[in-house]
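File shown: run-v5.pdb. Contents: PDB, C-alpha atoms, pLDDT in the B column.
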```pdb
ATOM      1  CA  MET A   1      90.801  72.903 115.139  1.00 91.00           C
ATOM      2  CA  GLY A   2      89.757  75.035 112.221  1.00 97.00           C
ATOM      3  CA  LYS A   3      89.504  78.638 111.200  1.00 98.00           C
ATOM      4  CA  LEU A   4      86.177  80.252 110.423  1.00 98.00           C
ATOM      5  CA  THR A   5      85.838  83.558 108.599  1.00 98.00           C
ATOM      6  CA  ILE A   6      82.500  85.301 109.010  1.00 98.00           C
ATOM      7  CA  GLY A   7      81.490  88.412 107.096  1.00 97.00           C
ATOM      8  CA  THR A   8      78.329  90.383 107.540  1.00 94.00           C
ATOM      9  CA  PHE A   9      76.735  93.529 106.153  1.00 92.00           C
ATOM     10  CA  SER A  10      73.725  93.587 108.502  1.00 90.00           C
ATOM     11  CA  SER A  11      73.096  96.269 111.087  1.00 88.00           C
ATOM     12  CA  LEU A  12      73.149  95.828 114.858  1.00 86.00           C
ATOM     13  CA  VAL A  13      69.753  97.397 115.428  1.00 83.00           C
ATOM     14  CA  GLY A  14      67.151  96.629 112.777  1.00 81.00           C
ATOM     15  CA  SER A  15      68.279  93.122 111.950  1.00 84.00           C
ATOM     16  CA  LEU A  16      69.135  90.038 113.974  1.00 88.00           C
ATOM     17  CA  SER A  17      71.547  88.699 111.373  1.00 90.00           C
ATOM     18  CA  LEU A  18      74.463  90.378 113.118  1.00 92.00           C
ATOM     19  CA  ASP A  19      73.426  88.861 116.465  1.00 92.00           C
ATOM     20  CA  PHE A  20      73.213  85.488 114.807  1.00 92.00           C
ATOM     21  CA  SER A  21      76.676  85.789 113.318  1.00 95.00           C
ATOM     22  CA  ILE A  22      78.196  86.801 116.666  1.00 95.00           C
ATOM     23  CA  LYS A  23      76.462  83.898 118.392  1.00 95.00           C
ATOM     24  CA  LEU A  24      77.773  81.562 115.714  1.00 96.00           C
ATOM     25  CA  ALA A  25      81.287  82.945 116.196  1.00 97.00           C
ATOM     26  CA  GLU A  26      80.967  82.488 119.957  1.00 97.00           C
ATOM     27  CA  ALA A  27      79.871  78.875 119.512  1.00 97.00           C
ATOM     28  CA  ALA A  28      82.831  78.213 117.194  1.00 98.00           C
ATOM     29  CA  LEU A  29      85.257  79.716 119.731  1.00 98.00           C
ATOM     30  CA  LYS A  30      83.812  77.535 122.478  1.00 97.00           C
ATOM     31  CA  LYS A  31      84.518  74.507 120.305  1.00 97.00           C
ATOM     32  CA  GLY A  32      88.152  75.601 120.047  1.00 97.00           C
ATOM     33  CA  HIS A  33      88.141  77.117 116.568  1.00 98.00           C
ATOM     34  CA  THR A  34      89.600  80.497 115.666  1.00 98.00           C
ATOM     35  CA  VAL A  35      87.329  83.107 114.108  1.00 98.00           C
ATOM     36  CA  ASP A  36      87.954  86.138 111.918  1.00 98.00           C
ATOM     37  CA  PHE A  37      84.894  88.383 111.944  1.00 98.00           C
ATOM     38  CA  TRP A  38      84.421  91.054 109.273  1.00 98.00           C
ATOM     39  CA  MET A  39      81.883  93.885 109.381  1.00 97.00           C
ATOM     40  CA  SER A  40      81.036  95.966 106.370  1.00 96.00           C
ATOM     41  CA  GLY A  41      78.226  98.380 105.528  1.00 94.00           C
ATOM     42  CA  ASN A  42      75.729  98.814 108.359  1.00 93.00           C
ATOM     43  CA  ALA A  43      77.414  96.062 110.366  1.00 95.00           C
ATOM     44  CA  THR A  44      80.148  98.571 111.250  1.00 96.00           C
ATOM     45  CA  MET A  45      77.637  99.942 113.756  1.00 93.00           C
ATOM     46  CA  LEU A  46      78.942  97.192 116.025  1.00 94.00           C
ATOM     47  CA  ALA A  47      82.350  98.878 115.987  1.00 95.00           C
ATOM     48  CA  LYS A  48      81.125 101.919 117.912  1.00 95.00           C
ATOM     49  CA  LYS A  49      81.943 102.133 121.599  1.00 94.00           C
ATOM     50  CA  GLY A  50      79.591 103.459 124.246  1.00 92.00           C
ATOM     51  CA  GLN A  51      76.600 101.331 123.315  1.00 91.00           C
ATOM     52  CA  LYS A  52      74.054 101.054 126.072  1.00 90.00           C
ATOM     53  CA  ALA A  53      72.182  97.883 126.992  1.00 90.00           C
ATOM     54  CA  PHE A  54      68.409  97.967 126.597  1.00 90.00           C
ATOM     55  CA  LYS A  55      66.187  94.936 126.875  1.00 86.00           C
ATOM     56  CA  VAL A  56      64.547  95.687 123.535  1.00 84.00           C
ATOM     57  CA  TYR A  57      67.742  96.020 121.499  1.00 86.00           C
ATOM     58  CA  SER A  58      70.700  93.786 120.871  1.00 85.00           C
ATOM     59  CA  PHE A  59      73.690  94.405 123.105  1.00 89.00           C
ATOM     60  CA  LEU A  60      76.766  92.462 122.085  1.00 92.00           C
ATOM     61  CA  ALA A  61      79.612  94.555 123.509  1.00 92.00           C
ATOM     62  CA  LYS A  62      80.221  92.434 126.625  1.00 93.00           C
ATOM     63  CA  THR A  63      80.097  89.155 124.705  1.00 95.00           C
ATOM     64  CA  ILE A  64      82.518  90.480 122.116  1.00 96.00           C
ATOM     65  CA  GLN A  65      85.036  91.643 124.712  1.00 96.00           C
ATOM     66  CA  GLU A  66      84.974  88.153 126.214  1.00 97.00           C
ATOM     67  CA  MET A  67      85.516  86.682 122.760  1.00 98.00           C
ATOM     68  CA  ILE A  68      88.458  89.004 122.075  1.00 98.00           C
ATOM     69  CA  ALA A  69      89.988  87.998 125.418  1.00 98.00           C
ATOM     70  CA  THR A  70      90.229  84.370 124.221  1.00 98.00           C
ATOM     71  CA  GLY A  71      92.948  85.426 121.774  1.00 98.00           C
ATOM     72  CA  ASN A  72      91.291  83.381 119.048  1.00 98.00           C
ATOM     73  CA  PHE A  73      88.890  86.027 117.788  1.00 98.00           C
ATOM     74  CA  LYS A  74      89.736  88.903 115.450  1.00 98.00           C
ATOM     75  CA  ILE A  75      86.980  91.417 114.803  1.00 98.00           C
ATOM     76  CA  THR A  76      87.534  93.953 112.062  1.00 98.00           C
ATOM     77  CA  ALA A  77      85.414  96.741 110.642  1.00 98.00           C
ATOM     78  CA  CYS A  78      85.597  98.142 107.140  1.00 97.00           C
ATOM     79  CA  GLU A  79      87.346 101.450 107.684  1.00 97.00           C
ATOM     80  CA  ALA A  80      85.650 103.280 104.808  1.00 97.00           C
ATOM     81  CA  CYS A  81      82.182 102.023 105.794  1.00 96.00           C
ATOM     82  CA  ALA A  82      82.774 103.186 109.378  1.00 97.00           C
ATOM     83  CA  GLU A  83      84.121 106.585 108.366  1.00 97.00           C
ATOM     84  CA  ALA A  84      81.146 107.100 106.039  1.00 96.00           C
ATOM     85  CA  ARG A  85      78.906 106.614 109.069  1.00 95.00           C
ATOM     86  CA  GLY A  86      80.889 108.966 111.276  1.00 96.00           C
ATOM     87  CA  TYR A  87      82.603 106.237 113.338  1.00 93.00           C
ATOM     88  CA  HIS A  88      86.222 107.212 113.600  1.00 96.00           C
ATOM     89  CA  LYS A  89      89.252 105.403 114.977  1.00 95.00           C
ATOM     90  CA  GLU A  90      88.745 106.936 118.410  1.00 96.00           C
ATOM     91  CA  ASP A  91      85.161 105.635 118.465  1.00 96.00           C
ATOM     92  CA  CYS A  92      86.272 102.043 118.031  1.00 96.00           C
ATOM     93  CA  PRO A  93      86.009  99.754 121.085  1.00 96.00           C
ATOM     94  CA  ASP A  94      89.195  98.224 122.509  1.00 95.00           C
ATOM     95  CA  GLY A  95      90.379  95.191 120.602  1.00 97.00           C
ATOM     96  CA  PHE A  96      88.523  96.013 117.378  1.00 97.00           C
ATOM     97  CA  LEU A  97      90.515  96.450 114.163  1.00 97.00           C
ATOM     98  CA  ARG A  98      89.758  98.707 111.190  1.00 98.00           C
ATOM     99  CA  LYS A  99      90.961  97.633 107.758  1.00 97.00           C
ATOM    100  CA  SER A 100      90.132  97.851 104.068  1.00 97.00           C
ATOM    101  CA  MET A 101      88.023  95.197 102.350  1.00 96.00           C
ATOM    102  CA  ASP A 102      91.010  93.203 101.139  1.00 96.00           C
ATOM    103  CA  TRP A 103      91.630  92.147 104.780  1.00 97.00           C
ATOM    104  CA  TYR A 104      88.426  90.121 104.581  1.00 97.00           C
ATOM    105  CA  LEU A 105      89.350  88.476 101.298  1.00 97.00           C
ATOM    106  CA  ALA A 106      92.818  87.684 102.642  1.00 97.00           C
ATOM    107  CA  SER A 107      91.248  86.083 105.686  1.00 98.00           C
ATOM    108  CA  THR A 108      89.301  83.712 103.440  1.00 97.00           C
ATOM    109  CA  PHE A 109      92.550  82.422 101.967  1.00 97.00           C
ATOM    110  CA  ASP A 110      93.383  80.084 104.837  1.00 96.00           C
ATOM    111  CA  ALA A 111      89.895  79.759 106.283  1.00 98.00           C
ATOM    112  CA  ASP A 112      88.416  76.281 106.504  1.00 97.00           C
ATOM    113  CA  ARG A 113      84.952  77.773 106.145  1.00 97.00           C
ATOM    114  CA  VAL A 114      83.667  81.186 105.050  1.00 97.00           C
ATOM    115  CA  LEU A 115      80.195  82.249 106.076  1.00 95.00           C
ATOM    116  CA  HIS A 116      78.881  85.422 104.541  1.00 94.00           C
ATOM    117  CA  ILE A 117      75.825  86.296 106.555  1.00 86.00           C
ATOM    118  CA  GLY A 118      73.241  88.888 105.811  1.00 68.00           C
ATOM    119  CA  GLY A 119      72.793  91.196 102.942  1.00 66.00           C
ATOM    120  CA  ASP A 120      70.287  93.670 104.275  1.00 64.00           C
TER     121      ASP A 120
ATOM    122  CA  MET B   1     101.687  79.028  96.102  1.00 84.00           C
ATOM    123  CA  ALA B   2      97.955  78.694  95.833  1.00 95.00           C
ATOM    124  CA  THR B   3      94.906  80.468  94.527  1.00 96.00           C
ATOM    125  CA  LYS B   4      91.603  80.538  96.380  1.00 97.00           C
ATOM    126  CA  ARG B   5      88.524  81.219  94.288  1.00 97.00           C
ATOM    127  CA  LEU B   6      85.685  83.249  95.751  1.00 97.00           C
ATOM    128  CA  ALA B   7      82.307  83.419  94.020  1.00 98.00           C
ATOM    129  CA  PHE B   8      80.286  86.523  94.817  1.00 97.00           C
ATOM    130  CA  VAL B   9      76.649  85.862  93.945  1.00 97.00           C
ATOM    131  CA  ILE B  10      74.625  89.055  93.707  1.00 97.00           C
ATOM    132  CA  ARG B  11      70.907  88.507  94.074  1.00 96.00           C
ATOM    133  CA  SER B  12      69.763  91.736  95.716  1.00 95.00           C
ATOM    134  CA  LEU B  13      68.246  94.777  94.058  1.00 95.00           C
ATOM    135  CA  PRO B  14      70.429  97.793  93.298  1.00 95.00           C
ATOM    136  CA  TYR B  15      70.081 100.874  95.535  1.00 93.00           C
ATOM    137  CA  LYS B  16      67.423  99.352  97.826  1.00 90.00           C
ATOM    138  CA  THR B  17      70.192  98.125 100.132  1.00 90.00           C
ATOM    139  CA  GLU B  18      73.957  98.412 100.053  1.00 92.00           C
ATOM    140  CA  ALA B  19      74.477  94.681  99.527  1.00 94.00           C
ATOM    141  CA  SER B  20      75.097  94.563  95.777  1.00 95.00           C
ATOM    142  CA  ARG B  21      77.414  97.553  95.858  1.00 95.00           C
ATOM    143  CA  LEU B  22      79.382  96.013  98.730  1.00 95.00           C
ATOM    144  CA  ALA B  23      79.607  92.731  96.852  1.00 96.00           C
ATOM    145  CA  LEU B  24      81.235  94.532  93.944  1.00 97.00           C
ATOM    146  CA  THR B  25      83.611  96.602  96.067  1.00 96.00           C
ATOM    147  CA  HIS B  26      84.669  93.495  97.999  1.00 97.00           C
ATOM    148  CA  ALA B  27      85.184  91.528  94.777  1.00 98.00           C
ATOM    149  CA  ILE B  28      87.249  94.372  93.344  1.00 97.00           C
ATOM    150  CA  SER B  29      89.384  94.448  96.498  1.00 97.00           C
ATOM    151  CA  SER B  30      90.711  91.023  95.474  1.00 96.00           C
ATOM    152  CA  GLN B  31      93.133  93.040  93.330  1.00 95.00           C
ATOM    153  CA  THR B  32      95.056  94.239  96.398  1.00 95.00           C
ATOM    154  CA  VAL B  33      94.737  91.224  98.671  1.00 95.00           C
ATOM    155  CA  GLU B  34      98.330  90.090  98.052  1.00 93.00           C
ATOM    156  CA  ILE B  35      99.601  92.610 100.605  1.00 94.00           C
ATOM    157  CA  TYR B  36      98.245  90.281 103.300  1.00 96.00           C
ATOM    158  CA  LEU B  37      99.366  86.995 101.718  1.00 96.00           C
ATOM    159  CA  ASN B  38     102.612  85.137 101.099  1.00 95.00           C
ATOM    160  CA  ASP B  39     104.349  85.588  97.744  1.00 94.00           C
ATOM    161  CA  GLY B  40     102.556  83.653  95.036  1.00 94.00           C
ATOM    162  CA  ASP B  41      99.325  83.203  96.966  1.00 96.00           C
ATOM    163  CA  LEU B  42      96.234  84.743  95.421  1.00 95.00           C
ATOM    164  CA  VAL B  43      92.534  85.256  95.986  1.00 97.00           C
ATOM    165  CA  GLU B  44      90.532  85.343  92.768  1.00 97.00           C
ATOM    166  CA  ALA B  45      86.985  86.676  92.751  1.00 98.00           C
ATOM    167  CA  SER B  46      84.171  86.152  90.262  1.00 98.00           C
ATOM    168  CA  VAL B  47      80.829  87.950  90.199  1.00 98.00           C
ATOM    169  CA  SER B  48      77.560  86.288  89.220  1.00 98.00           C
ATOM    170  CA  TYR B  49      74.274  88.147  88.942  1.00 98.00           C
ATOM    171  CA  VAL B  50      71.113  86.134  89.549  1.00 98.00           C
ATOM    172  CA  SER B  51      67.446  86.776  90.338  1.00 97.00           C
ATOM    173  CA  ASP B  52      66.727  90.471  91.120  1.00 97.00           C
ATOM    174  CA  GLY B  53      70.482  90.948  91.105  1.00 97.00           C
ATOM    175  CA  VAL B  54      70.579  91.122  87.302  1.00 98.00           C
ATOM    176  CA  LEU B  55      69.019  94.600  87.605  1.00 98.00           C
ATOM    177  CA  ASN B  56      72.363  95.813  88.958  1.00 98.00           C
ATOM    178  CA  CYS B  57      73.703  95.425  85.418  1.00 98.00           C
ATOM    179  CA  LEU B  58      71.312  97.887  83.783  1.00 98.00           C
ATOM    180  CA  LYS B  59      72.957 100.500  81.588  1.00 97.00           C
ATOM    181  CA  GLY B  60      72.375 104.202  82.044  1.00 95.00           C
ATOM    182  CA  GLN B  61      71.998 104.240  85.838  1.00 96.00           C
ATOM    183  CA  GLN B  62      71.403 107.701  87.291  1.00 94.00           C
ATOM    184  CA  GLY B  63      72.596 107.158  90.857  1.00 88.00           C
ATOM    185  CA  SER B  64      74.911 110.101  90.607  1.00 87.00           C
ATOM    186  CA  LYS B  65      72.165 112.424  89.384  1.00 89.00           C
ATOM    187  CA  HIS B  66      69.542 111.410  91.953  1.00 89.00           C
ATOM    188  CA  TYR B  67      71.565 110.396  95.008  1.00 88.00           C
ATOM    189  CA  GLY B  68      74.894 112.104  94.411  1.00 91.00           C
ATOM    190  CA  ILE B  69      76.734 108.797  94.701  1.00 92.00           C
ATOM    191  CA  THR B  70      78.656 106.575  92.320  1.00 94.00           C
ATOM    192  CA  THR B  71      76.505 104.205  90.313  1.00 96.00           C
ATOM    193  CA  ILE B  72      76.537 100.464  90.725  1.00 97.00           C
ATOM    194  CA  GLU B  73      77.011 100.414  86.969  1.00 97.00           C
ATOM    195  CA  GLY B  74      80.323 102.205  87.570  1.00 97.00           C
ATOM    196  CA  HIS B  75      81.452  99.548  90.048  1.00 97.00           C
ATOM    197  CA  ALA B  76      80.350  96.812  87.643  1.00 98.00           C
ATOM    198  CA  LYS B  77      82.344  98.484  84.894  1.00 97.00           C
ATOM    199  CA  ASN B  78      85.400  98.581  87.158  1.00 97.00           C
ATOM    200  CA  SER B  79      85.030  94.863  87.809  1.00 98.00           C
ATOM    201  CA  LEU B  80      85.267  94.270  84.041  1.00 98.00           C
ATOM    202  CA  LEU B  81      88.169  96.697  83.710  1.00 98.00           C
ATOM    203  CA  LEU B  82      90.009  94.613  86.320  1.00 97.00           C
ATOM    204  CA  ASP B  83      89.285  91.405  84.375  1.00 97.00           C
ATOM    205  CA  LEU B  84      87.052  89.783  86.965  1.00 98.00           C
ATOM    206  CA  LYS B  85      84.938  86.943  85.618  1.00 98.00           C
ATOM    207  CA  VAL B  86      81.371  88.245  85.341  1.00 98.00           C
ATOM    208  CA  LEU B  87      78.372  85.990  84.738  1.00 98.00           C
ATOM    209  CA  VAL B  88      74.791  87.181  84.248  1.00 98.00           C
ATOM    210  CA  CYS B  89      71.919  84.706  84.468  1.00 98.00           C
ATOM    211  CA  LYS B  90      70.091  84.498  81.139  1.00 98.00           C
ATOM    212  CA  GLU B  91      66.875  83.058  82.561  1.00 98.00           C
ATOM    213  CA  ASP B  92      66.619  85.942  85.021  1.00 98.00           C
ATOM    214  CA  LEU B  93      67.317  88.518  82.319  1.00 98.00           C
ATOM    215  CA  ASP B  94      64.534  86.898  80.268  1.00 98.00           C
ATOM    216  CA  LYS B  95      62.135  87.228  83.198  1.00 98.00           C
ATOM    217  CA  PHE B  96      62.650  90.989  83.162  1.00 98.00           C
ATOM    218  CA  GLY B  97      62.543  91.185  79.369  1.00 98.00           C
ATOM    219  CA  LEU B  98      66.165  92.283  79.294  1.00 98.00           C
ATOM    220  CA  THR B  99      68.791  91.475  76.690  1.00 98.00           C
ATOM    221  CA  GLU B 100      72.471  92.249  76.327  1.00 97.00           C
ATOM    222  CA  ASP B 101      71.454  95.557  74.749  1.00 98.00           C
ATOM    223  CA  ASN B 102      70.054  96.688  78.106  1.00 97.00           C
ATOM    224  CA  ILE B 103      72.908  95.699  80.360  1.00 98.00           C
ATOM    225  CA  LEU B 104      76.542  96.561  80.869  1.00 97.00           C
ATOM    226  CA  MET B 105      78.557  94.055  78.837  1.00 98.00           C
ATOM    227  CA  ASP B 106      82.009  95.642  78.724  1.00 97.00           C
ATOM    228  CA  ALA B 107      84.254  98.443  79.912  1.00 97.00           C
ATOM    229  CA  GLU B 108      85.710  99.278  76.521  1.00 97.00           C
ATOM    230  CA  ASP B 109      85.219 103.014  76.987  1.00 96.00           C
ATOM    231  CA  ILE B 110      87.646 102.995  79.931  1.00 96.00           C
ATOM    232  CA  GLY B 111      90.109 100.568  78.394  1.00 96.00           C
ATOM    233  CA  GLY B 112      88.697  97.252  79.588  1.00 96.00           C
ATOM    234  CA  GLU B 113      89.109  94.112  77.530  1.00 96.00           C
ATOM    235  CA  THR B 114      87.004  91.651  79.501  1.00 97.00           C
ATOM    236  CA  LYS B 115      83.321  91.163  78.689  1.00 98.00           C
ATOM    237  CA  ALA B 116      80.426  90.032  80.828  1.00 98.00           C
ATOM    238  CA  ASN B 117      79.002  86.624  79.968  1.00 98.00           C
ATOM    239  CA  ILE B 118      75.283  85.972  79.705  1.00 98.00           C
ATOM    240  CA  VAL B 119      74.925  82.329  80.669  1.00 98.00           C
ATOM    241  CA  SER B 120      72.291  79.861  81.783  1.00 98.00           C
ATOM    242  CA  TYR B 121      71.861  79.269  85.503  1.00 98.00           C
ATOM    243  CA  SER B 122      73.553  75.884  85.112  1.00 98.00           C
ATOM    244  CA  GLU B 123      76.784  77.696  84.215  1.00 98.00           C
ATOM    245  CA  ILE B 124      76.496  79.841  87.334  1.00 98.00           C
ATOM    246  CA  GLN B 125      75.863  76.678  89.331  1.00 98.00           C
ATOM    247  CA  LYS B 126      79.127  75.270  87.944  1.00 98.00           C
ATOM    248  CA  GLU B 127      80.939  78.462  88.951  1.00 98.00           C
ATOM    249  CA  MET B 128      79.592  78.083  92.475  1.00 97.00           C
ATOM    250  CA  GLU B 129      80.534  74.411  92.643  1.00 97.00           C
ATOM    251  CA  THR B 130      84.121  75.070  91.599  1.00 97.00           C
ATOM    252  CA  ALA B 131      84.675  78.035  93.939  1.00 98.00           C
ATOM    253  CA  ASP B 132      86.394  77.545  97.281  1.00 97.00           C
ATOM    254  CA  HIS B 133      83.964  79.875  99.016  1.00 97.00           C
ATOM    255  CA  LEU B 134      80.569  81.374  98.150  1.00 96.00           C
ATOM    256  CA  LEU B 135      79.472  84.839  99.193  1.00 96.00           C
ATOM    257  CA  PHE B 136      75.791  85.581  98.625  1.00 94.00           C
ATOM    258  CA  CYS B 137      74.950  89.263  98.654  1.00 94.00           C
TER     259      CYS B 137
END
```
Let me see the structure of the file written as structure tokens.
Amino acid sequence: MGKLTIGTFSSLVGSLSLDFSIKLAEAALKKGHTVDFWMSGNATMLAKKGQKAFKVYSFLAKTIQEMIATGNFKITACEACAEARGYHKEDCPDGFLRKSMDWYLASTFDADRVLHIGGD
Amino acid sequence: MATKRLAFVIRSLPYKTEASRLALTHAISSQTVEIYLNDGDLVEASVSYVSDGVLNCLKGQQGSKHYGITTIEGHAKNSLLLDLKVLVCKEDLDKFGLTEDNILMDAEDIGGETKANIVSYSEIQKEMETADHLLFC
């Protein structure tokens, strides 16, 4: 089985690119691959706990917790991007990591595939 | 010991979204990636500007004056200071009527020795083909 590294800059609400990348990561996990998932820029919105499910907005928290529980999924937010948006360490959901951008580049080193999704 | 080559391809407008700035800051972070890797392993980043992305290279940006933030020009200059390979698409510069006089070509004023390269798209295509991973921003 392989390792997939996914990076995204897209926001949770306002774009479906982040939903797409999580669904892609979920599909890869189900096939037995491991996934490193990097969020930078507006994508760090996903690394904020306490999000409420509405039918009209994306709600990925439950799916992500299930993915983390597999042990094959690392989800990491850019610390500076999160801090700039007022999301601090204590706001981060369980199982999420916060690192600097070089974590993402390091993850690409042994990745079989890197998918950089979004840019909005 | 191995080196993985990442090609950041910047095609988005400056300031409209954060994408081009993030591309540059991520590329620059390749300078500290060794802390996560085994001795001798490296990640090497290049930056190519294509399409609307060439506008990120304009000289004299006033982001600091108007938005109170660092300019993308400043990040681009840092990428040259750190000796990243920088390619700018000539055909796309031509489309905007831009020449090397209009864009950031070096970081000499802060001690940089590396220059940006204005090249045809075919050269950028080669850069993408030889990279291990592509990151479009």
Selection: 12 Å around segment 86-103 of chain B, all atoms listed in the file, excl. self and same-chain fewer than 5 positions, as an NGL selection string: :B and (7-11 or 24 or 27-28 or 45-61 or 72-73 or 76-81 or 114-128)
Check: which chain A residues lie within 9 Å of chain B using all atoms listed in the file, as a PyMOL selection string: chain A and resi 7+9+40-42+100-110+113-120
How would the residues just chosen look if you wrote them out with C-alpha atoms as a PDB file, keeping the file's coordinate frame?
```pdb
ATOM      1  CA  GLY A   7      81.490  88.412 107.096  1.00 97.00           C
ATOM      2  CA  PHE A   9      76.735  93.529 106.153  1.00 92.00           C
ATOM      3  CA  SER A  40      81.036  95.966 106.370  1.00 96.00           C
ATOM      4  CA  GLY A  41      78.226  98.380 105.528  1.00 94.00           C
ATOM      5  CA  ASN A  42      75.729  98.814 108.359  1.00 93.00           C
ATOM      6  CA  SER A 100      90.132  97.851 104.068  1.00 97.00           C
ATOM      7  CA  MET A 101      88.023  95.197 102.350  1.00 96.00           C
ATOM      8  CA  ASP A 102      91.010  93.203 101.139  1.00 96.00           C
ATOM      9  CA  TRP A 103      91.630  92.147 104.780  1.00 97.00           C
ATOM     10  CA  TYR A 104      88.426  90.121 104.581  1.00 97.00           C
ATOM     11  CA  LEU A 105      89.350  88.476 101.298  1.00 97.00           C
ATOM     12  CA  ALA A 106      92.818  87.684 102.642  1.00 97.00           C
ATOM     13  CA  SER A 107      91.248  86.083 105.686  1.00 98.00           C
ATOM     14  CA  THR A 108      89.301  83.712 103.440  1.00 97.00           C
ATOM     15  CA  PHE A 109      92.550  82.422 101.967  1.00 97.00           C
ATOM     16  CA  ASP A 110      93.383  80.084 104.837  1.00 96.00           C
ATOM     17  CA  ARG A 113      84.952  77.773 106.145  1.00 97.00           C
ATOM     18  CA  VAL A 114      83.667  81.186 105.050  1.00 97.00           C
ATOM     19  CA  LEU A 115      80.195  82.249 106.076  1.00 95.00           C
ATOM     20  CA  HIS A 116      78.881  85.422 104.541  1.00 94.00           C
ATOM     21  CA  ILE A 117      75.825  86.296 106.555  1.00 86.00           C
ATOM     22  CA  GLY A 118      73.241  88.888 105.811  1.00 68.00           C
ATOM     23  CA  GLY A 119      72.793  91.196 102.942  1.00 66.00           C
ATOM     24  CA  ASP A 120      70.287  93.670 104.275  1.00 64.00           C
TER      25      ASP A 120
END
```
Taking the file as shown, find all residues satisfying the PyMOL selection byres ((chain A and resi 22) around 12) and write them as an MDAnalysis selection string. chainID A and resid 5:8 10 12 16:21 23:29 35:39 43 46 58:68 73:75 115 117
Using the selection just defined, write its residues with C-alpha atoms as an mmCIF file, keeping the file's coordinate frame.
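See again_17.cif below for the written result:
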```cif
data_model
loop_
_atom_site.group_PDB
_atom_site.id
_atom_site.type_symbol
_atom_site.label_atom_id
_atom_site.label_comp_id
_atom_site.auth_asym_id
_atom_site.auth_seq_id
_atom_site.Cartn_x
_atom_site.Cartn_y
_atom_site.Cartn_z
ATOM 1 C CA THR A 5 85.838 83.558 108.599
ATOM 2 C CA ILE A 6 82.500 85.301 109.010
ATOM 3 C CA GLY A 7 81.490 88.412 107.096
ATOM 4 C CA THR A 8 78.329 90.383 107.540
ATOM 5 C CA SER A 10 73.725 93.587 108.502
ATOM 6 C CA LEU A 12 73.149 95.828 114.858
ATOM 7 C CA LEU A 16 69.135 90.038 113.974
ATOM 8 C CA SER A 17 71.547 88.699 111.373
ATOM 9 C CA LEU A 18 74.463 90.378 113.118
ATOM 10 C CA ASP A 19 73.426 88.861 116.465
ATOM 11 C CA PHE A 20 73.213 85.488 114.807
ATOM 12 C CA SER A 21 76.676 85.789 113.318
ATOM 13 C CA LYS A 23 76.462 83.898 118.392
ATOM 14 C CA LEU A 24 77.773 81.562 115.714
ATOM 15 C CA ALA A 25 81.287 82.945 116.196
ATOM 16 C CA GLU A 26 80.967 82.488 119.957
ATOM 17 C CA ALA A 27 79.871 78.875 119.512
ATOM 18 C CA ALA A 28 82.831 78.213 117.194
ATOM 19 C CA LEU A 29 85.257 79.716 119.731
ATOM 20 C CA VAL A 35 87.329 83.107 114.108
ATOM 21 C CA ASP A 36 87.954 86.138 111.918
ATOM 22 C CA PHE A 37 84.894 88.383 111.944
ATOM 23 C CA TRP A 38 84.421 91.054 109.273
ATOM 24 C CA MET A 39 81.883 93.885 109.381
ATOM 25 C CA ALA A 43 77.414 96.062 110.366
ATOM 26 C CA LEU A 46 78.942 97.192 116.025
ATOM 27 C CA SER A 58 70.700 93.786 120.871
ATOM 28 C CA PHE A 59 73.690 94.405 123.105
ATOM 29 C CA LEU A 60 76.766 92.462 122.085
ATOM 30 C CA ALA A 61 79.612 94.555 123.509
ATOM 31 C CA LYS A 62 80.221 92.434 126.625
ATOM 32 C CA THR A 63 80.097 89.155 124.705
ATOM 33 C CA ILE A 64 82.518 90.480 122.116
ATOM 34 C CA GLN A 65 85.036 91.643 124.712
ATOM 35 C CA GLU A 66 84.974 88.153 126.214
ATOM 36 C CA MET A 67 85.516 86.682 122.760
ATOM 37 C CA ILE A 68 88.458 89.004 122.075
ATOM 38 C CA PHE A 73 88.890 86.027 117.788
ATOM 39 C CA LYS A 74 89.736 88.903 115.450
ATOM 40 C CA ILE A 75 86.980 91.417 114.803
ATOM 41 C CA LEU A 115 80.195 82.249 106.076
ATOM 42 C CA ILE A 117 75.825 86.296 106.555
#
```
Report the centre and edge lengths, in Å to one decimal, of an axis-aligned box enclosing every atom of segment 66-76 of chain A listed in the file, padded by 5 Å on each side, as AutoDock Vina command-line options.
```
--center_x 89.0 --center_y 88.7 --center_z 119.1 --size_x 18.0 --size_y 20.6 --size_z 24.2
```
For the provided coordinates, the residues matched by the PyMOL selection byres ((chain A and resi 92) around 6) should be stated as a ChimeraX atom specification. /A:47-49,89-91,93
Atom CA of Lys65 of chain B and atom CA of Ala84 of chain A are how many Å apart?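 Going from atom CA of Lys65 of chain B over to atom CA of Ala84 of chain A, I get 19.7 Å.
Computed from the coordinates, the atom CA of Met1 of chain A to atom CA of Gly71 of chain A distance equals 14.3 Å.
In terms of minimum interatomic distance to Ala77 of chain A, A:Gly95 ranks closest within A:Gly2, A:Gly50, A:Gly32, A:Gly95, counting only C-alpha atoms.
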Using all atoms listed in the file, the residue out of A:His88, A:Asp94, A:Lys3, A:Ala111 with shortest distance to Ala69 of chain A is A:Asp94
Counting only C-alpha atoms, which residue out of A:Ser11, A:Asp112, A:Lys30, A:Arg85 sits closest to Thr70 of chain A?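 Once distances to Thr70 of chain A are computed over only C-alpha atoms, the minimum belongs to A:Lys30.
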Point-to-point distance from atom CA of Gln51 of chain A to atom CA of Ser15 of chain A, Å rounded to tenths: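 Calculated distance between atom CA of Gln51 of chain A and atom CA of Ser15 of chain A is 16.3 Å.
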